[in-house]
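A.B. asks: Structure below; questions to follow.
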Amino acid sequence: MEEFEICGGHKLYGEVRIDAAKNAVLPIIAGSILCDGQVNILNVPNLIDVQKMADILRQMGAKVDFVEDVLSIDNSTINKCELPYDLAHDIRSSIFMLGPMLAKFKTAVVPYPGGCDIGARPIDLHLAGLKALSVLVREEGGLLFCDGSHMKSGVVHLDFASVGATENILMASVLLKGTTTIYNAAKEPEIVDLASFINRMGGKVRGAGTSVIKITGVRHLKGLDYVCIPDRIEAGTLLLASAVAGGKITLKNAKAEHIFSLIVKMRELGCQITFDCDNIYVQNSFRLMSIPRVDTQPYPGFPTDLQAPLMAFLATARGVSIVTENLFENRFSHAYELNKMGAKILIKGRSAVIDGVDELIGSEVIAKDLRAGAGLTIASLGARGKTKVKGVEYIDRGYAKLENKLAKLGADIIRKQT
């Protein structure tokens, strides 16, 4: 087990480069199954979930190499269509394998996915969409047995604009004869990136980034080298870290348009933020006002993955804020840990009422999921004294050596064995 030890009170200065987006890389790893040649994904962060997705492909028979930041995948040697239970059950992104496996091999056996405990994340929308494409699904012993031998293109209407379901159905449709249409599709930048990846291999996906996506089937996809979009959640986390600690930082390889919902709010509170096509510049030197109300929403609304880092900032903002979590019902574990540090946060159902205090006090806190861990880490940057953040293994699922990037900017943070 490992922990972060953080001494607060140090302003952040300098520049860091944002990695490729975890939420883009993981479905693209799964989408590589569709390809007849080798796929090289560049600028890939060395994350636990990336490693586990690579291990899943290896156990299915694929050849996978991860050297520095290049992930090379050759799926021509895959010889089984059942995901290894232990690995697949451990990460939610394993469910992304389902659509590509059905498209390529017409059969798949997958366990229910796992991941962080942030509430119910059912895969019923994934399965309903696949059934609309004539996939037969049978559940037995915690496994899903999927038969795609009679798959055909069709029309899918999602009851909710689910990112994962949109991606799975999109990938399942790529090799089908005819055109498949997904209505009420999710609009996240990671979906646009997945469509770009498929189109670069020879696919025909139109409408990604809108609520209607059309996929015209092709017979084959070719290999390629591909660079994923930068991680908007990592960029947003570091922007909020600068708001908590103060200072002046530059985020290289960052797309402001992907986190404009955050940038607008930070500007309203007095943060100086500018940007160009690939960089974001932020400066803050005083205690900021609170945000009266924030509601998490699907893109382009405020992202649920930035709710915990935002709350870390609001804990010491001047005034009262209300944050409502509309996507996951179990995503306030960080609030109780922030209260250990002197925050005044009251949870009422899906909402948190935050009364900003003058400062937080260093304490020992526990990260119980990925984004909670990020929130507790950046809260510690502005706290008085020393904070120990346990549960770093969760943080490692979505941030590659977060402590190194913060230390490069001047934070007093180290990783320690416990």
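Quick note on naming: the chains in the structure tokens go A, B, ... in the order shown, residues restart at 1 in each chain, and ligands are numbered from 1 in order of appearance.
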Near Phe105 in chain A, counting only C-alpha atoms, which residues have an atom at most 9 Å away, once you skip same-chain residues fewer than 3 positions from it, shown as a ChimeraX atom specification?
C.D. replies: /A:81,100-102,108,148-149
A.B. asks: Keeping only C-alpha atoms, write those residues as a compact mmCIF listing (two decimals), in the first residue's frame.
C.D. replies:
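Output (again.txt):
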```
# COMPACT_ATOMS: atom_id res chain seq x y z
CA CYS A 81 -13.50 -14.93 -27.02
CA PRO A 100 -15.69 -5.24 -30.87
CA MET A 101 -15.60 -8.99 -30.04
CA LEU A 102 -19.13 -9.44 -31.36
CA ALA A 108 -18.29 -13.13 -26.60
CA GLY A 148 -23.83 -12.36 -32.57
CA SER A 149 -24.13 -14.93 -35.34
```
A.B. asks: List every residue of range 222-304 of chain A that DSSP, applied to the backbone of this structure, assigns to helix (DSSP H, G or I), and report them as a PyMOL selection string.
C.D. replies: chain A and resi 232-245+256-268+304
A.B. asks: Mind writing the picked residues with N, CA and C atoms as a PDB file, in the first residue's frame?
C.D. replies:
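Dumped to selection-v3.pdb:
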```pdb
ATOM      1  N   ARG A 232      -9.060  15.662 -20.522  1.00  0.00           N
ATOM      2  CA  ARG A 232      -9.724  16.868 -20.023  1.00  0.00           C
ATOM      3  C   ARG A 232      -9.911  16.824 -18.510  1.00  0.00           C
ATOM      4  N   ILE A 233     -10.010  15.615 -17.931  1.00  0.00           N
ATOM      5  CA  ILE A 233     -10.198  15.518 -16.488  1.00  0.00           C
ATOM      6  C   ILE A 233      -8.883  15.798 -15.759  1.00  0.00           C
ATOM      7  N   GLU A 234      -7.772  15.316 -16.290  1.00  0.00           N
ATOM      8  CA  GLU A 234      -6.479  15.662 -15.707  1.00  0.00           C
ATOM      9  C   GLU A 234      -6.247  17.165 -15.803  1.00  0.00           C
ATOM     10  N   ALA A 235      -6.565  17.751 -16.960  1.00  0.00           N
ATOM     11  CA  ALA A 235      -6.394  19.197 -17.123  1.00  0.00           C
ATOM     12  C   ALA A 235      -7.260  19.957 -16.127  1.00  0.00           C
ATOM     13  N   GLY A 236      -8.527  19.553 -15.978  1.00  0.00           N
ATOM     14  CA  GLY A 236      -9.415  20.217 -15.038  1.00  0.00           C
ATOM     15  C   GLY A 236      -8.952  20.073 -13.604  1.00  0.00           C
ATOM     16  N   THR A 237      -8.442  18.901 -13.263  1.00  0.00           N
ATOM     17  CA  THR A 237      -7.926  18.670 -11.909  1.00  0.00           C
ATOM     18  C   THR A 237      -6.773  19.611 -11.603  1.00  0.00           C
ATOM     19  N   LEU A 238      -5.861  19.787 -12.554  1.00  0.00           N
ATOM     20  CA  LEU A 238      -4.715  20.667 -12.331  1.00  0.00           C
ATOM     21  C   LEU A 238      -5.118  22.136 -12.317  1.00  0.00           C
ATOM     22  N   LEU A 239      -6.126  22.508 -13.104  1.00  0.00           N
ATOM     23  CA  LEU A 239      -6.648  23.868 -13.020  1.00  0.00           C
ATOM     24  C   LEU A 239      -7.203  24.144 -11.624  1.00  0.00           C
ATOM     25  N   LEU A 240      -7.943  23.203 -11.079  1.00  0.00           N
ATOM     26  CA  LEU A 240      -8.500  23.370  -9.739  1.00  0.00           C
ATOM     27  C   LEU A 240      -7.411  23.331  -8.676  1.00  0.00           C
ATOM     28  N   ALA A 241      -6.360  22.551  -8.924  1.00  0.00           N
ATOM     29  CA  ALA A 241      -5.226  22.540  -8.001  1.00  0.00           C
ATOM     30  C   ALA A 241      -4.603  23.929  -7.919  1.00  0.00           C
ATOM     31  N   SER A 242      -4.514  24.612  -9.066  1.00  0.00           N
ATOM     32  CA  SER A 242      -3.946  25.963  -9.066  1.00  0.00           C
ATOM     33  C   SER A 242      -4.860  26.937  -8.345  1.00  0.00           C
ATOM     34  N   ALA A 243      -6.172  26.715  -8.410  1.00  0.00           N
ATOM     35  CA  ALA A 243      -7.111  27.581  -7.691  1.00  0.00           C
ATOM     36  C   ALA A 243      -6.989  27.383  -6.186  1.00  0.00           C
ATOM     37  N   VAL A 244      -6.733  26.153  -5.757  1.00  0.00           N
ATOM     38  CA  VAL A 244      -6.584  25.852  -4.332  1.00  0.00           C
ATOM     39  C   VAL A 244      -5.274  26.399  -3.791  1.00  0.00           C
ATOM     40  N   ALA A 245      -4.182  26.130  -4.500  1.00  0.00           N
ATOM     41  CA  ALA A 245      -2.847  26.474  -3.994  1.00  0.00           C
ATOM     42  C   ALA A 245      -2.417  27.889  -4.347  1.00  0.00           C
ATOM     43  N   ALA A 256      -8.942  23.495 -24.219  1.00  0.00           N
ATOM     44  CA  ALA A 256      -9.861  24.276 -23.387  1.00  0.00           C
ATOM     45  C   ALA A 256     -11.320  24.004 -23.727  1.00  0.00           C
ATOM     46  N   GLU A 257     -11.605  23.757 -25.005  1.00  0.00           N
ATOM     47  CA  GLU A 257     -13.003  23.545 -25.392  1.00  0.00           C
ATOM     48  C   GLU A 257     -13.603  22.298 -24.759  1.00  0.00           C
ATOM     49  N   HIS A 258     -12.767  21.363 -24.320  1.00  0.00           N
ATOM     50  CA  HIS A 258     -13.266  20.144 -23.702  1.00  0.00           C
ATOM     51  C   HIS A 258     -13.675  20.344 -22.242  1.00  0.00           C
ATOM     52  N   ILE A 259     -13.198  21.422 -21.608  1.00  0.00           N
ATOM     53  CA  ILE A 259     -13.554  21.683 -20.204  1.00  0.00           C
ATOM     54  C   ILE A 259     -14.045  23.116 -20.043  1.00  0.00           C
ATOM     55  N   PHE A 260     -14.737  23.614 -21.057  1.00  0.00           N
ATOM     56  CA  PHE A 260     -15.179  24.997 -20.998  1.00  0.00           C
ATOM     57  C   PHE A 260     -16.192  25.229 -19.882  1.00  0.00           C
ATOM     58  N   SER A 261     -16.947  24.208 -19.520  1.00  0.00           N
ATOM     59  CA  SER A 261     -17.906  24.353 -18.418  1.00  0.00           C
ATOM     60  C   SER A 261     -17.190  24.692 -17.122  1.00  0.00           C
ATOM     61  N   LEU A 262     -15.987  24.185 -16.912  1.00  0.00           N
ATOM     62  CA  LEU A 262     -15.184  24.516 -15.738  1.00  0.00           C
ATOM     63  C   LEU A 262     -14.526  25.880 -15.892  1.00  0.00           C
ATOM     64  N   ILE A 263     -13.946  26.139 -17.047  1.00  0.00           N
ATOM     65  CA  ILE A 263     -13.231  27.393 -17.261  1.00  0.00           C
ATOM     66  C   ILE A 263     -14.153  28.586 -17.069  1.00  0.00           C
ATOM     67  N   VAL A 264     -15.374  28.509 -17.579  1.00  0.00           N
ATOM     68  CA  VAL A 264     -16.330  29.613 -17.428  1.00  0.00           C
ATOM     69  C   VAL A 264     -16.587  29.905 -15.962  1.00  0.00           C
ATOM     70  N   LYS A 265     -16.788  28.850 -15.165  1.00  0.00           N
ATOM     71  CA  LYS A 265     -17.058  29.043 -13.737  1.00  0.00           C
ATOM     72  C   LYS A 265     -15.842  29.624 -13.026  1.00  0.00           C
ATOM     73  N   MET A 266     -14.647  29.141 -13.347  1.00  0.00           N
ATOM     74  CA  MET A 266     -13.443  29.641 -12.690  1.00  0.00           C
ATOM     75  C   MET A 266     -13.193  31.110 -13.042  1.00  0.00           C
ATOM     76  N   ARG A 267     -13.486  31.484 -14.262  1.00  0.00           N
ATOM     77  CA  ARG A 267     -13.338  32.889 -14.655  1.00  0.00           C
ATOM     78  C   ARG A 267     -14.325  33.768 -13.888  1.00  0.00           C
ATOM     79  N   GLU A 268     -15.540  33.285 -13.711  1.00  0.00           N
ATOM     80  CA  GLU A 268     -16.551  34.053 -12.985  1.00  0.00           C
ATOM     81  C   GLU A 268     -16.102  34.333 -11.548  1.00  0.00           C
ATOM     82  N   THR A 304     -19.032  14.933 -14.155  1.00  0.00           N
ATOM     83  CA  THR A 304     -19.048  14.268 -12.851  1.00  0.00           C
ATOM     84  C   THR A 304     -17.641  13.941 -12.369  1.00  0.00           C
TER      85      THR A 304
END
```
A.B. asks: May I have the residues within 8 Å of Leu83 in chain A as number ranges by chain, using only C-alpha atoms and disregarding those fewer than 3 positions away in the same chain?
C.D. replies: A: 56, 59-60, 87-88, 109-111
A.B. asks: Keeping N, CA and C atoms for every residue in the selection just given, could you write it to a file as a PDB file, in the first residue's frame?
C.D. replies:
```pdb
ATOM      1  N   ILE A  56      -5.686  -8.146 -20.497  1.00  0.00           N
ATOM      2  CA  ILE A  56      -6.862  -8.876 -20.986  1.00  0.00           C
ATOM      3  C   ILE A  56      -6.624  -9.330 -22.421  1.00  0.00           C
ATOM      4  N   GLN A  59      -4.150 -12.224 -22.558  1.00  0.00           N
ATOM      5  CA  GLN A  59      -4.719 -13.509 -22.160  1.00  0.00           C
ATOM      6  C   GLN A  59      -5.702 -14.042 -23.191  1.00  0.00           C
ATOM      7  N   MET A  60      -6.186 -13.184 -24.069  1.00  0.00           N
ATOM      8  CA  MET A  60      -7.026 -13.641 -25.180  1.00  0.00           C
ATOM      9  C   MET A  60      -6.180 -14.108 -26.362  1.00  0.00           C
ATOM     10  N   LEU A  87      -9.437 -10.282 -14.236  1.00  0.00           N
ATOM     11  CA  LEU A  87      -9.076  -8.980 -14.794  1.00  0.00           C
ATOM     12  C   LEU A  87     -10.310  -8.201 -15.238  1.00  0.00           C
ATOM     13  N   ALA A  88     -11.194  -8.862 -15.957  1.00  0.00           N
ATOM     14  CA  ALA A  88     -12.357  -8.172 -16.505  1.00  0.00           C
ATOM     15  C   ALA A  88     -13.305  -7.704 -15.408  1.00  0.00           C
ATOM     16  N   VAL A 109     -17.942 -13.913 -24.344  1.00  0.00           N
ATOM     17  CA  VAL A 109     -18.335 -14.277 -22.983  1.00  0.00           C
ATOM     18  C   VAL A 109     -17.621 -13.305 -22.055  1.00  0.00           C
ATOM     19  N   VAL A 110     -18.386 -12.534 -21.305  1.00  0.00           N
ATOM     20  CA  VAL A 110     -17.784 -11.502 -20.453  1.00  0.00           C
ATOM     21  C   VAL A 110     -18.435 -11.524 -19.072  1.00  0.00           C
ATOM     22  N   PRO A 111     -17.662 -11.273 -18.024  1.00  0.00           N
ATOM     23  CA  PRO A 111     -18.241 -11.098 -16.694  1.00  0.00           C
ATOM     24  C   PRO A 111     -18.765  -9.684 -16.532  1.00  0.00           C
TER      25      PRO A 111
END
```
A.B. asks: Tell me which of A:Gly270, A:Pro113, A:Gly398, A:Gly178 sits closest to Leu47 in chain A, counting only C-alpha atoms.
C.D. replies: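 With only C-alpha atoms as the atom set, the closest residue is A:Gly398.
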A.B. asks: Might you pull out every residue within 10 Å of Ile191 in chain A, with only C-alpha atoms counted and same-chain residues fewer than 5 positions away left off, and present them as an MDAnalysis selection string?
C.D. replies: chainID A and resid 23:24 27:28 163:164 166:167 170 185:186 196:197 208:210
A.B. asks: So which residues of range 190-343 of chain A fall under strand (DSSP E) by DSSP, listed as a VMD selection string?
C.D. replies: chain A and resid 204 to 206 212 to 216 224 to 227 247 to 252 272 to 275 279 to 284 293 to 295 320 to 324
A.B. asks: List the spatial neighbours of Ile123 in chain A as a list in words - criterion: any atom at most 12 Å away, only C-alpha atoms, same-chain residues fewer than 2 positions off excluded.
C.D. replies: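 What passes the distance filter is Arg92, Ser93, Ser94, Ile95, Phe96, Leu98, Val110, Pro111, Tyr112, Pro113, Gly114, Ala120, Arg121, Leu125, His126, Leu127, Ala128, Gly129, Leu130, Leu144, Leu158, Phe160, Ser162, Val163, Gly164, Ala165, Thr166, Asn168 and Ile169 of chain A.
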A.B. asks: Just write the chosen residues, C-alpha atoms, as a compact mmCIF listing (two decimals), in the first residue's frame.
C.D. replies:
```
# COMPACT_ATOMS: atom_id res chain seq x y z
CA ARG A 92 -15.30 -1.36 -15.71
CA SER A 93 -13.66 -0.61 -19.05
CA SER A 94 -13.53 -4.35 -19.78
CA ILE A 95 -17.14 -4.08 -20.98
CA PHE A 96 -15.83 -2.11 -23.99
CA LEU A 98 -17.99 -6.74 -25.84
CA VAL A 110 -17.78 -11.50 -20.45
CA PRO A 111 -18.24 -11.10 -16.69
CA TYR A 112 -20.02 -8.12 -15.23
CA PRO A 113 -17.45 -5.30 -15.01
CA GLY A 114 -16.07 -3.82 -11.79
CA ALA A 120 -24.82 1.58 -9.65
CA ARG A 121 -23.57 1.66 -13.23
CA LEU A 125 -28.26 0.10 -22.00
CA HIS A 126 -25.28 -1.71 -23.56
CA LEU A 127 -27.24 -4.95 -23.73
CA ALA A 128 -30.45 -3.34 -24.98
CA GLY A 129 -28.52 -1.69 -27.79
CA LEU A 130 -26.82 -4.94 -28.78
CA LEU A 144 -22.86 -12.87 -20.08
CA LEU A 158 -30.75 5.00 -25.89
CA PHE A 160 -30.05 7.77 -21.47
CA SER A 162 -24.63 6.74 -21.88
CA VAL A 163 -21.02 7.14 -22.97
CA GLY A 164 -20.16 3.47 -22.55
CA ALA A 165 -23.28 2.21 -24.29
CA THR A 166 -22.76 4.62 -27.19
CA ASN A 168 -20.03 -0.26 -27.37
CA ILE A 169 -22.88 -0.08 -29.88
```
A.B. asks: One decimal, in Å: what's the spacing between CA of Ile213 in chain A and CA of Leu34 in chain A?
C.D. replies: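 Calculated distance between CA of Ile213 in chain A and CA of Leu34 in chain A is 18.5 Å.
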A.B. asks: Would you kindly return, as a PyMOL selection string, each protein, DNA or RNA residue with an atom no farther than 12 Å from any atom of Val50 in chain A, considering only C-alpha atoms and excluding same-chain residues fewer than 3 positions away?
C.D. replies: chain A and resi 20-30+41+44-47+53-57+64-66+69-71+87+91-94+396-400
A.B. asks: Could you dump the residues just selected with N, CA and C atoms as a CSV table (one decimal), in the first residue's frame?
C.D. replies:
```csv
chain,number,residue,atom,x,y,z
A,20,ALA,N,-2.5,11.6,-22.7
A,20,ALA,CA,-3.7,11.2,-23.4
A,20,ALA,C,-4.8,10.8,-22.5
A,21,ALA,N,-6.0,11.0,-22.9
A,21,ALA,CA,-7.2,10.8,-22.0
A,21,ALA,C,-7.4,9.3,-21.7
A,22,LYS,N,-7.4,9.0,-20.4
A,22,LYS,CA,-7.7,7.7,-20.0
A,22,LYS,C,-9.0,7.2,-20.6
A,23,ASN,N,-10.1,8.0,-20.6
A,23,ASN,CA,-11.4,7.6,-21.1
A,23,ASN,C,-11.5,7.6,-22.6
A,24,ALA,N,-10.4,8.0,-23.3
A,24,ALA,CA,-10.3,7.8,-24.7
A,24,ALA,C,-9.5,6.6,-25.0
A,25,VAL,N,-8.4,6.4,-24.3
A,25,VAL,CA,-7.5,5.3,-24.5
A,25,VAL,C,-8.1,4.0,-24.3
A,26,LEU,N,-8.9,3.8,-23.2
A,26,LEU,CA,-9.5,2.5,-22.9
A,26,LEU,C,-10.4,1.9,-24.0
A,27,PRO,N,-11.4,2.7,-24.4
A,27,PRO,CA,-12.2,2.2,-25.5
A,27,PRO,C,-11.5,2.0,-26.8
A,28,ILE,N,-10.4,2.8,-27.1
A,28,ILE,CA,-9.7,2.6,-28.3
A,28,ILE,C,-8.8,1.3,-28.2
A,29,ILE,N,-8.3,1.0,-27.0
A,29,ILE,CA,-7.7,-0.3,-26.9
A,29,ILE,C,-8.6,-1.4,-27.2
A,30,ALA,N,-9.9,-1.4,-26.8
A,30,ALA,CA,-10.9,-2.4,-27.1
A,30,ALA,C,-11.2,-2.3,-28.6
A,41,ILE,N,-0.8,3.0,-30.4
A,41,ILE,CA,-1.4,4.1,-29.7
A,41,ILE,C,-0.3,4.9,-29.0
A,44,VAL,N,0.5,7.3,-24.5
A,44,VAL,CA,-0.4,6.6,-23.6
A,44,VAL,C,0.1,6.7,-22.2
A,45,PRO,N,-0.7,7.1,-21.2
A,45,PRO,CA,-0.2,7.2,-19.8
A,45,PRO,C,-0.1,5.8,-19.2
A,46,ASN,N,0.8,5.6,-18.4
A,46,ASN,CA,1.0,4.2,-17.8
A,46,ASN,C,0.1,4.1,-16.5
A,47,LEU,N,-1.1,3.8,-16.8
A,47,LEU,CA,-2.1,3.7,-15.8
A,47,LEU,C,-2.5,2.2,-15.5
A,53,MET,N,-6.2,-3.6,-19.2
A,53,MET,CA,-6.8,-3.8,-20.5
A,53,MET,C,-5.8,-4.5,-21.5
A,54,ALA,N,-4.5,-4.1,-21.4
A,54,ALA,CA,-3.5,-4.8,-22.2
A,54,ALA,C,-3.4,-6.3,-21.8
A,55,ASP,N,-3.4,-6.5,-20.5
A,55,ASP,CA,-3.3,-7.9,-20.0
A,55,ASP,C,-4.5,-8.7,-20.4
A,56,ILE,N,-5.7,-8.1,-20.5
A,56,ILE,CA,-6.9,-8.9,-21.0
A,56,ILE,C,-6.6,-9.3,-22.4
A,57,LEU,N,-6.1,-8.4,-23.3
A,57,LEU,CA,-5.9,-8.8,-24.7
A,57,LEU,C,-4.8,-9.9,-24.7
A,64,VAL,N,0.9,-7.8,-27.3
A,64,VAL,CA,0.8,-6.4,-26.8
A,64,VAL,C,2.1,-6.0,-26.2
A,65,ASP,N,2.7,-4.9,-26.6
A,65,ASP,CA,3.9,-4.3,-26.1
A,65,ASP,C,3.6,-2.9,-25.6
A,66,PHE,N,4.1,-2.6,-24.4
A,66,PHE,CA,4.0,-1.2,-23.9
A,66,PHE,C,5.3,-0.7,-23.6
A,69,ASP,N,5.8,5.3,-23.9
A,69,ASP,CA,4.4,5.8,-24.0
A,69,ASP,C,3.7,5.3,-25.2
A,70,VAL,N,4.2,4.2,-25.8
A,70,VAL,CA,3.6,3.6,-27.0
A,70,VAL,C,3.1,2.3,-26.7
A,71,LEU,N,1.8,2.1,-27.0
A,71,LEU,CA,1.1,0.8,-26.8
A,71,LEU,C,0.9,0.2,-28.2
A,87,LEU,N,-9.4,-10.3,-14.2
A,87,LEU,CA,-9.1,-9.0,-14.8
A,87,LEU,C,-10.3,-8.2,-15.2
A,91,ILE,N,-12.1,-4.2,-13.6
A,91,ILE,CA,-12.2,-2.8,-14.2
A,91,ILE,C,-13.4,-2.7,-15.1
A,92,ARG,N,-14.1,-1.6,-15.0
A,92,ARG,CA,-15.3,-1.4,-15.7
A,92,ARG,C,-15.1,-1.3,-17.2
A,93,SER,N,-13.9,-0.8,-17.6
A,93,SER,CA,-13.7,-0.6,-19.0
A,93,SER,C,-13.6,-1.9,-19.8
A,94,SER,N,-13.5,-3.1,-19.1
A,94,SER,CA,-13.5,-4.4,-19.8
A,94,SER,C,-14.8,-4.6,-20.6
A,396,ASP,N,-4.0,6.1,-9.0
A,396,ASP,CA,-3.2,5.6,-10.1
A,396,ASP,C,-4.0,5.0,-11.3
A,397,ARG,N,-5.3,4.8,-11.0
A,397,ARG,CA,-6.2,4.3,-12.1
A,397,ARG,C,-6.5,5.3,-13.2
A,398,GLY,N,-6.3,6.6,-12.8
A,398,GLY,CA,-6.7,7.7,-13.7
A,398,GLY,C,-5.7,8.7,-13.9
A,399,TYR,N,-4.6,8.8,-13.1
A,399,TYR,CA,-3.6,9.8,-13.2
A,399,TYR,C,-2.2,9.1,-13.2
A,400,ALA,N,-1.4,9.4,-14.2
A,400,ALA,CA,-0.1,8.7,-14.2
A,400,ALA,C,0.9,9.6,-13.4
```
A.B. asks: Would you mind telling me which residue in A:Cys35, A:Ala352, A:Ala62, A:Leu314 lies nearest to Gly202 in chain A when using only C-alpha atoms?
C.D. replies: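 Ranked by minimum distance to Gly202 in chain A, first place goes to A:Cys35.
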A.B. asks: How far is it from CA of Tyr183 in chain A to CA of Tyr226 in chain A, in Å with one decimal?
C.D. replies: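 Straight-line distance from CA of Tyr183 in chain A to CA of Tyr226 in chain A works out to 27.5 Å.
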A.B. asks: From the options A:Asp225, A:Gln272, A:Thr418, A:Asp231, which residue's atoms come nearest to Asn253 in chain A, counting only C-alpha atoms?
C.D. replies: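 Among A:Asp225, A:Gln272, A:Thr418, A:Asp231, it is A:Asp231 that comes nearest to Asn253 in chain A.
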